[in-house]
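Enquirer: If it helps, the file is called input15.csv and holds CSV, C-alpha atoms and all ligand atoms:
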```csv
chain,number,residue,atom,x,y,z
A,1,MET,CA,18.3,12.4,-3.2
A,2,GLU,CA,21.4,14.5,-2.7
A,3,GLN,CA,20.1,15.8,0.6
A,4,ALA,CA,20.0,12.3,2.1
A,5,GLN,CA,23.8,12.4,2.4
A,6,THR,CA,24.0,15.7,4.3
A,7,ILE,CA,21.4,15.0,7.0
A,8,ALA,CA,22.6,13.5,10.3
A,9,GLN,CA,21.7,9.9,10.9
A,10,PRO,CA,18.7,9.6,13.3
A,11,ALA,CA,19.6,8.8,16.9
A,12,LYS,CA,19.7,5.3,18.4
A,13,VAL,CA,16.3,4.4,19.9
A,14,ASP,CA,15.0,1.5,22.0
A,15,TYR,CA,12.6,0.3,19.4
A,16,ALA,CA,13.1,-1.1,16.0
A,17,ARG,CA,12.0,1.1,13.1
A,18,ILE,CA,10.1,-1.1,10.6
A,19,ALA,CA,9.1,0.7,7.4
A,20,THR,CA,6.0,-0.9,5.9
A,21,GLU,CA,5.3,0.6,2.5
A,22,GLU,CA,8.6,0.3,0.7
A,23,ALA,CA,8.8,-0.4,-3.1
A,24,PHE,CA,10.8,-2.3,-5.6
A,25,ALA,CA,10.7,-2.9,-9.3
A,26,PRO,CA,12.6,-5.7,-11.1
A,27,PRO,CA,14.4,-4.4,-14.2
A,28,GLU,CA,12.4,-6.9,-16.3
A,29,MET,CA,9.2,-5.2,-15.2
A,30,LEU,CA,10.4,-1.8,-16.4
A,31,LYS,CA,11.0,-3.4,-19.8
A,32,ILE,CA,7.4,-4.7,-19.9
A,33,TRP,CA,6.2,-1.3,-18.8
A,34,ARG,CA,8.2,0.4,-21.6
A,35,LYS,CA,6.4,-1.9,-24.2
A,36,ILE,CA,3.0,-0.9,-22.7
A,37,LEU,CA,3.9,2.8,-22.8
A,38,ASP,CA,5.0,2.4,-26.4
A,39,GLY,CA,1.9,0.4,-27.4
A,40,ALA,CA,-1.5,1.5,-28.6
A,41,ASP,CA,-3.5,3.8,-26.4
A,42,PRO,CA,-1.8,3.3,-23.0
A,43,ASP,CA,-3.7,4.1,-19.8
A,44,PRO,CA,-3.4,7.9,-19.2
A,45,GLY,CA,-2.6,7.6,-15.5
A,46,PHE,CA,0.1,5.1,-16.3
A,47,VAL,CA,1.6,7.5,-18.9
A,48,SER,CA,1.4,10.4,-16.5
A,49,LEU,CA,3.1,8.5,-13.6
A,50,ILE,CA,5.4,5.8,-15.1
A,51,GLY,CA,5.9,7.6,-18.4
A,52,PHE,CA,7.3,10.5,-16.3
A,53,TYR,CA,9.5,8.5,-14.0
A,54,MET,CA,11.0,6.3,-16.8
A,55,SER,CA,11.9,9.2,-19.0
A,56,SER,CA,12.5,12.3,-16.8
A,57,PRO,CA,16.2,13.4,-16.4
A,58,SER,CA,15.4,15.0,-13.0
A,59,ALA,CA,17.5,13.9,-10.1
A,60,ARG,CA,14.4,12.8,-8.2
A,61,ALA,CA,13.2,10.5,-11.0
A,62,ARG,CA,16.6,9.0,-11.6
A,63,HIS,CA,17.1,8.3,-7.9
A,64,ILE,CA,13.8,6.6,-7.7
A,65,ILE,CA,14.3,4.4,-10.7
A,66,GLU,CA,17.8,3.4,-9.5
A,67,CYS,CA,16.7,2.6,-6.0
A,68,LEU,CA,13.6,0.7,-7.1
A,69,GLN,CA,15.7,-1.9,-8.9
A,70,ASP,CA,18.0,-2.6,-6.0
A,71,LEU,CA,17.2,-5.3,-3.4
A,72,ASP,CA,20.7,-5.5,-1.9
A,73,GLN,CA,23.5,-3.1,-0.9
A,74,LEU,CA,22.2,0.2,-2.1
A,75,ARG,CA,18.9,-0.3,-0.3
A,76,LEU,CA,20.7,-1.5,2.9
A,77,GLN,CA,23.0,1.5,2.8
A,78,HIS,CA,20.0,3.9,2.6
A,79,MET,CA,18.3,2.0,5.4
A,80,ASP,CA,21.4,2.3,7.6
A,81,GLU,CA,21.7,6.0,6.9
A,82,ALA,CA,18.0,6.5,7.8
A,83,GLY,CA,18.1,4.2,10.9
A,84,ILE,CA,15.6,1.8,9.3
A,85,ASP,CA,15.9,-1.7,10.8
A,86,ARG,CA,13.6,-3.5,8.5
A,87,GLN,CA,11.7,-2.8,5.3
A,88,VAL,CA,8.5,-4.5,4.3
A,89,ILE,CA,8.9,-4.4,0.5
A,90,ALA,CA,6.2,-4.6,-2.2
A,91,LEU,CA,6.1,-4.5,-6.0
A,92,THR,CA,5.8,-0.8,-7.0
A,93,SER,CA,2.5,0.5,-8.4
A,94,PRO,CA,0.9,-0.4,-10.7
A,95,GLY,CA,2.9,-3.6,-10.7
A,96,VAL,CA,1.4,-6.3,-12.9
A,97,GLN,CA,-2.1,-4.8,-12.8
A,98,VAL,CA,-1.5,-2.7,-16.0
A,99,MET,CA,-0.4,-5.8,-18.0
A,100,ASP,CA,-2.5,-8.3,-20.0
A,101,LYS,CA,-3.8,-11.2,-18.0
A,102,ASP,CA,-1.3,-13.9,-19.0
A,103,THR,CA,1.7,-11.6,-18.6
A,104,ALA,CA,0.4,-10.4,-15.3
A,105,VAL,CA,-0.1,-13.9,-13.9
A,106,SER,CA,3.4,-15.1,-14.9
A,107,PHE,CA,5.3,-11.9,-14.0
A,108,ALA,CA,3.7,-11.8,-10.5
A,109,GLN,CA,5.4,-15.1,-9.9
A,110,VAL,CA,8.8,-13.9,-11.2
A,111,ALA,CA,8.6,-10.8,-9.0
A,112,ASN,CA,7.6,-12.9,-5.9
A,113,ASP,CA,10.5,-15.3,-6.6
A,114,GLN,CA,12.9,-12.4,-6.8
A,115,LEU,CA,11.6,-10.7,-3.7
A,116,SER,CA,11.6,-13.9,-1.6
A,117,GLU,CA,15.2,-14.5,-2.6
A,118,ALA,CA,16.2,-11.1,-1.3
A,119,VAL,CA,14.3,-11.7,1.9
A,120,ARG,CA,16.1,-15.1,2.3
A,121,LYS,CA,19.4,-13.3,1.7
A,122,HIS,CA,18.7,-10.5,4.3
A,123,PRO,CA,16.1,-12.1,6.6
A,124,THR,CA,16.6,-9.6,9.5
A,125,ARG,CA,16.4,-6.5,7.2
A,126,PHE,CA,13.8,-7.4,4.5
A,127,SER,CA,10.2,-8.8,4.6
A,128,GLY,CA,8.1,-8.9,1.5
A,129,MET,CA,4.5,-8.9,0.2
A,130,VAL,CA,3.0,-11.2,-2.5
A,131,ALA,CA,2.2,-9.5,-5.8
A,132,ILE,CA,-0.9,-10.8,-7.4
A,133,ALA,CA,-2.7,-10.4,-10.7
A,134,PRO,CA,-6.4,-9.6,-9.9
A,135,GLN,CA,-7.0,-10.1,-13.7
A,136,ASP,CA,-7.2,-13.8,-12.9
A,137,PRO,CA,-8.7,-14.2,-9.4
A,138,ALA,CA,-8.2,-17.9,-9.2
A,139,ALA,CA,-4.5,-17.6,-10.1
A,140,ALA,CA,-4.2,-14.7,-7.6
A,141,ALA,CA,-5.6,-16.9,-4.9
A,142,LYS,CA,-3.1,-19.7,-5.7
A,143,GLU,CA,-0.2,-17.2,-5.8
A,144,ILE,CA,-1.2,-15.9,-2.3
A,145,GLU,CA,-1.0,-19.5,-1.0
A,146,ARG,CA,2.4,-20.1,-2.7
A,147,GLY,CA,3.8,-16.7,-1.7
A,148,VAL,CA,2.8,-17.2,2.0
A,149,GLN,CA,3.3,-20.9,2.5
A,150,GLU,CA,6.3,-21.6,0.2
A,151,LEU,CA,8.1,-18.3,-0.3
A,152,GLY,CA,7.6,-16.9,3.3
A,153,LEU,CA,6.1,-13.6,2.2
A,154,THR,CA,4.0,-12.0,4.9
A,155,GLY,CA,1.6,-9.5,3.2
A,156,ILE,CA,-0.2,-9.1,-0.2
A,157,ILE,CA,0.1,-6.0,-2.3
A,158,VAL,CA,-2.8,-4.8,-4.4
A,159,ASN,CA,-2.1,-1.5,-6.3
A,160,SER,CA,-5.7,-0.3,-6.2
A,161,HIS,CA,-7.9,-0.6,-9.3
A,162,THR,CA,-7.1,-3.1,-12.0
A,163,GLN,CA,-7.7,-1.4,-15.4
A,164,GLY,CA,-10.8,0.4,-13.9
A,165,GLU,CA,-12.1,-2.6,-11.9
A,166,TYR,CA,-12.5,-2.7,-8.1
A,167,LEU,CA,-12.2,-5.6,-5.7
A,168,SER,CA,-15.7,-4.8,-4.4
A,169,ASP,CA,-16.9,-6.9,-7.3
A,170,PRO,CA,-17.6,-10.4,-6.0
A,171,LYS,CA,-15.8,-11.9,-8.9
A,172,PHE,CA,-12.6,-11.0,-7.1
A,173,TRP,CA,-13.5,-12.4,-3.7
A,174,GLU,CA,-11.5,-15.5,-4.1
A,175,ILE,CA,-8.6,-13.2,-3.4
A,176,PHE,CA,-10.1,-12.2,0.0
A,177,GLU,CA,-10.9,-15.8,0.8
A,178,ALA,CA,-7.2,-16.7,0.2
A,179,ALA,CA,-5.9,-13.7,2.2
A,180,GLN,CA,-8.2,-14.6,5.2
A,181,ALA,CA,-7.4,-18.3,5.0
A,182,ASN,CA,-3.6,-17.5,5.0
A,183,ASP,CA,-4.1,-15.0,7.8
A,184,THR,CA,-2.2,-12.4,5.7
A,185,PRO,CA,-3.1,-8.7,5.3
A,186,ILE,CA,-3.7,-7.0,1.9
A,187,TYR,CA,-1.9,-3.6,1.5
A,188,LEU,CA,-4.2,-1.6,-0.7
A,189,HIS,CA,-1.7,0.8,-2.2
A,190,PRO,CA,-2.6,3.7,-4.6
A,191,ASN,CA,-2.6,3.7,-8.3
A,192,THR,CA,-3.4,6.7,-10.6
A,193,PRO,CA,-7.2,7.1,-11.2
A,194,PRO,CA,-8.6,5.0,-14.0
A,195,ARG,CA,-9.3,6.3,-17.5
A,196,ASN,CA,-12.9,7.2,-16.7
A,197,MET,CA,-12.0,9.2,-13.6
A,198,ILE,CA,-8.7,10.8,-14.3
A,199,GLY,CA,-9.7,13.7,-16.6
A,200,PRO,CA,-10.3,16.5,-14.1
A,201,PHE,CA,-7.2,15.4,-12.1
A,202,LEU,CA,-4.9,15.3,-15.1
A,203,GLU,CA,-5.8,18.7,-16.4
A,204,CYS,CA,-4.5,20.4,-13.2
A,205,GLY,CA,-1.7,18.0,-12.3
A,206,LEU,CA,-3.4,16.4,-9.3
A,207,ASP,CA,-3.6,12.8,-10.5
A,208,GLY,CA,-0.6,11.5,-8.7
A,209,ALA,CA,0.6,11.2,-5.1
A,210,ILE,CA,-0.4,14.8,-4.3
A,211,TYR,CA,-4.1,14.0,-4.3
A,212,GLY,CA,-5.5,11.6,-7.0
A,213,PHE,CA,-3.9,8.6,-5.4
A,214,GLY,CA,-5.7,9.3,-2.1
A,215,VAL,CA,-9.1,10.0,-3.6
A,216,GLU,CA,-9.0,6.8,-5.8
A,217,THR,CA,-7.7,4.5,-3.1
A,218,GLY,CA,-9.9,5.9,-0.4
A,219,MET,CA,-12.9,5.2,-2.6
A,220,HIS,CA,-11.6,1.7,-3.3
A,221,ALA,CA,-11.4,0.9,0.4
A,222,LEU,CA,-14.9,2.4,1.0
A,223,ARG,CA,-16.3,0.3,-1.8
A,224,LEU,CA,-15.0,-2.8,0.1
A,225,ILE,CA,-16.8,-1.7,3.2
A,226,THR,CA,-20.1,-0.8,1.6
A,227,ALA,CA,-20.1,-3.9,-0.6
A,228,GLY,CA,-20.1,-6.1,2.5
A,229,VAL,CA,-16.7,-7.6,2.0
A,230,PHE,CA,-16.0,-7.6,5.8
A,231,ASP,CA,-19.3,-9.2,6.7
A,232,ARG,CA,-18.3,-12.1,4.4
A,233,PHE,CA,-14.7,-12.1,5.5
A,234,PRO,CA,-14.7,-10.8,9.1
A,235,LYS,CA,-11.1,-11.6,9.8
A,236,LEU,CA,-9.7,-10.0,6.6
A,237,GLN,CA,-7.2,-7.2,7.3
A,238,ILE,CA,-6.5,-4.4,4.8
A,239,ILE,CA,-3.7,-1.9,5.2
A,240,LEU,CA,-4.0,1.6,3.9
A,241,GLY,CA,-1.1,4.1,3.5
A,242,HIS,CA,-1.1,7.8,3.6
A,243,MET,CA,-2.9,8.2,6.9
A,244,GLY,CA,-5.7,5.9,5.7
A,245,GLU,CA,-6.2,8.0,2.6
A,246,ALA,CA,-8.1,10.4,4.9
A,247,LEU,CA,-10.9,8.0,5.7
A,248,PRO,CA,-10.5,8.3,9.5
A,249,PHE,CA,-11.1,12.1,9.1
A,250,TRP,CA,-14.3,11.4,7.1
A,251,SER,CA,-15.6,8.7,9.4
A,252,TYR,CA,-18.4,10.6,11.2
A,253,ARG,CA,-19.9,11.7,7.8
A,254,LEU,CA,-19.4,8.3,6.3
A,255,ASP,CA,-21.4,6.7,9.2
A,256,TYR,CA,-24.2,9.3,9.1
A,257,MET,CA,-24.6,9.3,5.3
A,258,HIS,CA,-24.2,5.6,4.9
A,259,ARG,CA,-27.1,5.0,7.3
A,260,ALA,CA,-29.2,7.6,5.7
A,261,THR,CA,-28.5,6.2,2.2
A,262,VAL,CA,-29.3,2.6,3.2
A,263,VAL,CA,-32.6,3.7,4.9
A,264,SER,CA,-33.7,5.7,1.9
A,265,LYS,CA,-33.1,2.7,-0.4
A,266,ARG,CA,-31.6,5.1,-2.9
A,267,TYR,CA,-29.1,2.7,-4.5
A,268,ALA,CA,-29.4,-1.1,-5.1
A,269,SER,CA,-25.6,-1.1,-4.7
A,270,MET,CA,-25.8,0.1,-1.1
A,271,GLN,CA,-27.5,-2.6,1.0
A,272,PRO,CA,-27.4,-2.8,4.8
A,273,ILE,CA,-24.2,-4.1,6.4
A,274,LYS,CA,-23.7,-5.3,9.9
A,275,LYS,CA,-21.7,-2.4,11.3
A,276,LYS,CA,-21.0,1.2,10.8
A,277,PRO,CA,-18.2,2.0,8.2
A,278,SER,CA,-16.0,3.4,11.0
A,279,GLU,CA,-16.3,0.1,12.9
A,280,TYR,CA,-15.0,-1.8,10.0
A,281,LEU,CA,-12.2,0.8,9.7
A,282,ARG,CA,-11.2,0.1,13.3
A,283,GLU,CA,-11.5,-3.7,13.1
A,284,ASN,CA,-10.4,-4.6,9.6
A,285,PHE,CA,-7.8,-1.9,8.7
A,286,TYR,CA,-4.3,-0.9,9.7
A,287,ILE,CA,-3.1,2.5,8.6
A,288,THR,CA,0.4,3.6,7.9
A,289,ASN,CA,1.7,7.2,7.8
A,290,SER,CA,3.5,6.7,4.5
A,291,GLY,CA,4.2,10.1,2.9
A,292,VAL,CA,2.8,11.9,6.0
A,293,ALA,CA,5.3,12.9,8.7
A,294,SER,CA,2.7,15.0,10.5
A,295,GLU,CA,2.4,14.5,14.3
A,296,PRO,CA,-1.1,16.0,14.5
A,297,ALA,CA,-2.4,13.7,11.7
A,298,ILE,CA,-0.8,10.7,13.3
A,299,LYS,CA,-2.2,11.5,16.8
A,300,PHE,CA,-5.7,12.1,15.3
A,301,THR,CA,-5.5,8.7,13.5
A,302,GLN,CA,-4.3,6.9,16.7
A,303,ASP,CA,-7.2,8.5,18.5
A,304,MET,CA,-9.8,7.4,15.9
A,305,MET,CA,-8.4,3.9,15.1
A,306,GLY,CA,-6.6,2.9,18.3
A,307,ALA,CA,-2.8,3.1,18.8
A,308,ASP,CA,-2.5,-0.6,17.9
A,309,ARG,CA,-3.7,0.2,14.3
A,310,VAL,CA,-1.3,2.9,13.1
A,311,MET,CA,2.2,2.1,11.9
A,312,TYR,CA,5.3,3.6,10.4
A,313,ALA,CA,6.2,3.7,6.7
A,314,MET,CA,8.8,5.7,4.8
A,315,ASP,CA,7.5,5.1,1.2
A,316,TYR,CA,11.1,4.4,0.0
A,317,PRO,CA,12.3,5.4,-2.5
A,318,TYR,CA,9.5,7.8,-3.4
A,319,GLN,CA,9.8,9.8,-0.2
A,320,HIS,CA,13.4,9.0,0.8
A,321,ALA,CA,13.4,11.8,3.4
A,322,VAL,CA,15.7,10.9,6.2
A,323,GLU,CA,14.9,13.9,8.3
A,324,GLU,CA,11.3,12.6,8.7
A,325,VAL,CA,12.6,9.7,10.8
A,326,SER,CA,13.9,12.1,13.6
A,327,ILE,CA,10.7,14.2,13.4
A,328,LEU,CA,8.6,11.0,14.1
A,329,ASP,CA,11.1,9.8,16.8
A,330,GLY,CA,10.4,13.1,18.5
A,331,MET,CA,6.6,12.9,18.6
A,332,ALA,CA,5.0,13.7,21.9
A,333,ILE,CA,3.3,10.4,22.5
A,334,SER,CA,4.0,7.7,25.2
A,335,ALA,CA,7.0,5.4,24.8
A,336,GLU,CA,4.6,2.5,24.5
A,337,ASP,CA,2.6,4.0,21.7
A,338,LYS,CA,5.8,5.0,19.9
A,339,LYS,CA,7.1,1.4,20.0
A,340,ARG,CA,3.7,0.3,18.7
A,341,PHE,CA,3.9,2.8,15.9
A,342,PHE,CA,7.5,2.0,14.8
A,343,GLN,CA,7.7,-1.7,15.6
A,344,SER,CA,5.0,-3.8,17.4
A,345,ASN,CA,2.0,-3.1,15.1
A,346,ALA,CA,4.0,-4.0,12.0
A,347,GLU,CA,5.2,-7.2,13.8
A,348,ALA,CA,1.6,-8.1,14.5
A,349,ALA,CA,0.1,-7.1,11.2
A,350,PHE,CA,2.7,-8.9,9.1
A,351,ARG,CA,3.4,-11.6,11.6
A,352,LEU,CA,7.1,-10.8,11.6
A,353,LYS,CA,9.5,-13.0,13.5
B,1,CA,CA,4.1,4.1,-2.0
```
Go through the file and emit its structure as C-alpha cells.

Expert:
Amino acid sequence: MEQAQTIAQPAKVDYARIATEEAFAPPEMLKIWRKILDGADPDPGFVSLIGFYMSSPSARARHIIECLQDLDQLRLQHMDEAGIDRQVIALTSPGVQVMDKDTAVSFAQVANDQLSEAVRKHPTRFSGMVAIAPQDPAAAAKEIERGVQELGLTGIIVNSHTQGEYLSDPKFWEIFEAAQANDTPIYLHPNTPPRNMIGPFLECGLDGAIYGFGVETGMHALRLITAGVFDRFPKLQIILGHMGEALPFWSYRLDYMHRATVVSKRYASMQPIKKKPSEYLRENFYITNSGVASEPAIKFTQDMMGADRVMYAMDYPYQHAVEEVSILDGMAISAEDKKRFFQSNAEAAFRLK
C-alpha cells in the first residue's frame, strides 16, 4: 500500500516480532484458480473473494496479488520496513481446498516444496506451514508427515471448510491424528462461507474478512469442540486468527448453553464431552490477533485464554498496516507478556528454533 512507504519504521525493541498468519500464493495456483473461476458454476464465495482480487484494478488488490506471489526480496523489504523479524507463512485461502481432489493433492505438494525452499533460503526470516488437501484425508496425513519430517515446516494450514464440509466429520480425523503425532499445530484460517450459508452475507457485502470469515471459521472451531475432537486427540493444538474469531467473548454462553443442550438430549449430534467448551479453548487453542490491532480485545483475550495463548500476526499482505506494529508495541501490558505476545508463544506453538 502507498501509505506503507510514508510511515516511520517501528522502534527497535528487545523482543523479536514474529508474525504468524502471513500468506503466499504461487503464480501456478493463481492459474488453477483462474480456470476454476472461468469454469461451470464456481463457488459463490470464491467468486466474491478471489474473483475480486484477481480482477480488481484497485491499488489494494494489485498490491495483495503482487506481494502474495513473492517469497524473497519484496517480502523481506516489507518485513524490514515493518520491523518484522520472522514470518510464519501459509498458502493463502482457499488454497487447494477449492480444487478437485487430484489437483488439490498434487498442488499441495508443489506449494509445500516451494515454501520449504524459501524457508531454507531465508531460515532466520521465514517459517512455513504445510498445505493439505482435506479432500483426501489419507493423502493429507501423509503430506503432514512429509512436510514436517522432510521439509522442515512447522505448522499445518487448513482454510476452514472444504467445499462445504467440516473437519468435525470423523472421516477427516486422520488429519488430526497426523497433526498430533507430529506435534504440529493446525492453523484454522478463514474461508468465505460455503454455498449453503453465504446467501444472506453476500447480499449485504458481509461475506468476507469483515464478518463472514469470522462467523464461518468460529463455527468450524466450535464444531471440532462439540464433536469431541479434543477428547479423542487431547494434545492437538489449533490456532485461530482474528482474536479467536470472537469465541473467547462467547465462552460463558457457550459453556452454559452447551451443558443445557446436552442435558436436554435435543440433538443426536451434541453428545457429552469431557470438559466445558471454554476449557478446550484454553487448553487446545492458540489465538492470534491477525487483523485486530486492538489493545482492549487483546487484553481481554489474554485474560480469558492466558497470556501464553495469544500471539501476534500481521496478516500480510491483506492487512499490510505498518502503523499497527507501533500501536501493539505500545500496549500497556507487562514486558514479559509483550515478549510472550510477539515472540515466545509463537516459538512454542510452532517449535521455532
Ligand atoms: Ca489471513

Enquirer: For ligand CA 1 (chain B), which residue out of A:Ala346, A:Ile210, A:Met219, A:Ala141 is the nearest one, using all atoms listed in the file?

Expert: A:Ile210

Enquirer: Around ligand CA 1 (chain B), out to 8 Å and counting all atoms listed in the file, which residues are there? I want them as a list of chain:residue names.

Expert: A:Glu21, A:Glu22, A:Ala23, A:Thr92, A:Ser93, A:His189, A:Pro190, A:Gly241, A:Ser290, A:Gly291, A:Asp315, A:Tyr316, A:Tyr318

Enquirer: Which residue, A:Ile65, A:Ala313, A:Met331, A:Leu91, has the smallest gap to Pro296 (chain A) when you use only C-alpha atoms?

Expert: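 Of the candidates, the smallest distance to Pro296 (chain A) is held by A:Met331.
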
Enquirer: Which residues are near Glu150 (chain A)? Cut-off 12 Å, all atoms listed in the file, ignore same chain within fewer than 3 positions. Put them as an MDAnalysis selection string.

Expert: chainID A and resid 112:113 116:117 120 130 142:147 153:154 182

Enquirer: Which residues come within 10 Å of Gly164 (chain A), counting all atoms listed in the file, excluding same-chain residues fewer than 2 positions away, as a PyMOL selection string?

Expert: chain A and resi 43+160-162+166+193-197

Enquirer: Report, in Å with one decimal, the straight-line distance from CA of Ile225 (chain A) to CA of Pro137 (chain A).

Expert: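 Value for the CA of Ile225 (chain A)-CA of Pro137 (chain A) distance: 19.5 Å.
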
Enquirer: With only C-alpha atoms as the basis for distance, which of A:Ala293, A:Cys204, A:Ile156, A:Met304 is at the shortest distance from Trp250 (chain A)?

Expert: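 Distance minimum relative to Trp250 (chain A) lands on A:Met304.
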
Enquirer: I want to know what sits within 9 Å of Asn345 (chain A), based on all atoms listed in the file, with residues of the same chain fewer than 5 positions away left out; could you give that as a ChimeraX atom specification?

Expert: /A:286,307-312,339-340,350

Enquirer: How many Å separate CA of Ala179 (chain A) from CA of Gly214 (chain A)?

Expert: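 These two atoms are separated by 23.4 Å.
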
Enquirer: Around (-5.2, -5.3, -7.6) in the file's own coordinates, what residues are found within 10 Å if you use all atoms listed in the file, given back as a VMD selection string?

Expert: chain A and resid 93 to 98 131 to 135 137 140 156 to 163 165 to 167 172 175 186 to 191

Enquirer: Next, write the just-selected residues to a file, as a short mmCIF file (atom, residue, chain, number, x, y, z; two decimals), keeping the file's coordinate frame, keeping C-alpha atoms as the atom set.

Expert:
```cif
data_model
loop_
_atom_site.label_atom_id
_atom_site.label_comp_id
_atom_site.auth_asym_id
_atom_site.auth_seq_id
_atom_site.Cartn_x
_atom_site.Cartn_y
_atom_site.Cartn_z
CA SER A 93 2.50 0.50 -8.40
CA PRO A 94 0.90 -0.40 -10.70
CA GLY A 95 2.90 -3.60 -10.70
CA VAL A 96 1.40 -6.30 -12.90
CA GLN A 97 -2.10 -4.80 -12.80
CA VAL A 98 -1.50 -2.70 -16.00
CA ALA A 131 2.20 -9.50 -5.80
CA ILE A 132 -0.90 -10.80 -7.40
CA ALA A 133 -2.70 -10.40 -10.70
CA PRO A 134 -6.40 -9.60 -9.90
CA GLN A 135 -7.00 -10.10 -13.70
CA PRO A 137 -8.70 -14.20 -9.40
CA ALA A 140 -4.20 -14.70 -7.60
CA ILE A 156 -0.20 -9.10 -0.20
CA ILE A 157 0.10 -6.00 -2.30
CA VAL A 158 -2.80 -4.80 -4.40
CA ASN A 159 -2.10 -1.50 -6.30
CA SER A 160 -5.70 -0.30 -6.20
CA HIS A 161 -7.90 -0.60 -9.30
CA THR A 162 -7.10 -3.10 -12.00
CA GLN A 163 -7.70 -1.40 -15.40
CA GLU A 165 -12.10 -2.60 -11.90
CA TYR A 166 -12.50 -2.70 -8.10
CA LEU A 167 -12.20 -5.60 -5.70
CA PHE A 172 -12.60 -11.00 -7.10
CA ILE A 175 -8.60 -13.20 -3.40
CA ILE A 186 -3.70 -7.00 1.90
CA TYR A 187 -1.90 -3.60 1.50
CA LEU A 188 -4.20 -1.60 -0.70
CA HIS A 189 -1.70 0.80 -2.20
CA PRO A 190 -2.60 3.70 -4.60
CA ASN A 191 -2.60 3.70 -8.30
#
```

Enquirer: Which residue, A:Arg266, A:Lys274, A:His320, A:Lys121, has the smallest gap to Ala61 (chain A) when you use only C-alpha atoms?

Expert: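 Of A:Arg266, A:Lys274, A:His320, A:Lys121, the one nearest Ala61 (chain A) is A:His320, counting only C-alpha atoms.
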
Enquirer: For CA of Val88 (chain A) and CA of Ala19 (chain A), quote the distance in Å rounded to one decimal.

Expert: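 Interatomic distance here is 6.1 Å.
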
Enquirer: Excluding Phe230 (chain A) and any residue of its chain fewer than 3 positions from it, enumerate the residues within 12 Å of it, using all atoms listed in the file, and give them as a PyMOL selection string.

Expert: chain A and resi 168+173+176-177+180+221-227+233-238+273-277+279-285

Enquirer: Which residue gives the smallest distance to Ala246 (chain A) among A:Ile89, A:Ser294, A:Gly228, A:Thr301, with all atoms listed in the file counted?

Expert: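 For Ala246 (chain A), the nearest of the candidates is A:Thr301.
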
Enquirer: Which polymer residues, whether protein, DNA or RNA, lie within 12 Å of the coordinate (13.7, -5.0, -14.7) when you count all atoms listed in the file? List them as a PyMOL selection string, using the chain letters and numbers from the file.

Expert: chain A and resi 24-34+54+65-71+91-92+95+107+110-111+114

Enquirer: How would the residues just chosen look if you wrote them out with C-alpha atoms as a compact mmCIF listing (two decimals), in the coordinates of the input?

Expert:
```txt
# COMPACT_ATOMS: atom_id res chain seq x y z
CA PHE A 24 10.80 -2.30 -5.60
CA ALA A 25 10.70 -2.90 -9.30
CA PRO A 26 12.60 -5.70 -11.10
CA PRO A 27 14.40 -4.40 -14.20
CA GLU A 28 12.40 -6.90 -16.30
CA MET A 29 9.20 -5.20 -15.20
CA LEU A 30 10.40 -1.80 -16.40
CA LYS A 31 11.00 -3.40 -19.80
CA ILE A 32 7.40 -4.70 -19.90
CA TRP A 33 6.20 -1.30 -18.80
CA ARG A 34 8.20 0.40 -21.60
CA MET A 54 11.00 6.30 -16.80
CA ILE A 65 14.30 4.40 -10.70
CA GLU A 66 17.80 3.40 -9.50
CA CYS A 67 16.70 2.60 -6.00
CA LEU A 68 13.60 0.70 -7.10
CA GLN A 69 15.70 -1.90 -8.90
CA ASP A 70 18.00 -2.60 -6.00
CA LEU A 71 17.20 -5.30 -3.40
CA LEU A 91 6.10 -4.50 -6.00
CA THR A 92 5.80 -0.80 -7.00
CA GLY A 95 2.90 -3.60 -10.70
CA PHE A 107 5.30 -11.90 -14.00
CA VAL A 110 8.80 -13.90 -11.20
CA ALA A 111 8.60 -10.80 -9.00
CA GLN A 114 12.90 -12.40 -6.80
```

Enquirer: Find the residue from A:Arg17, A:Ile327, A:Met99, A:Ala321 that sits nearest to Gly39 (chain A); use all atoms listed in the file when measuring.

Expert: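 The closest residue to Gly39 (chain A) is A:Met99.
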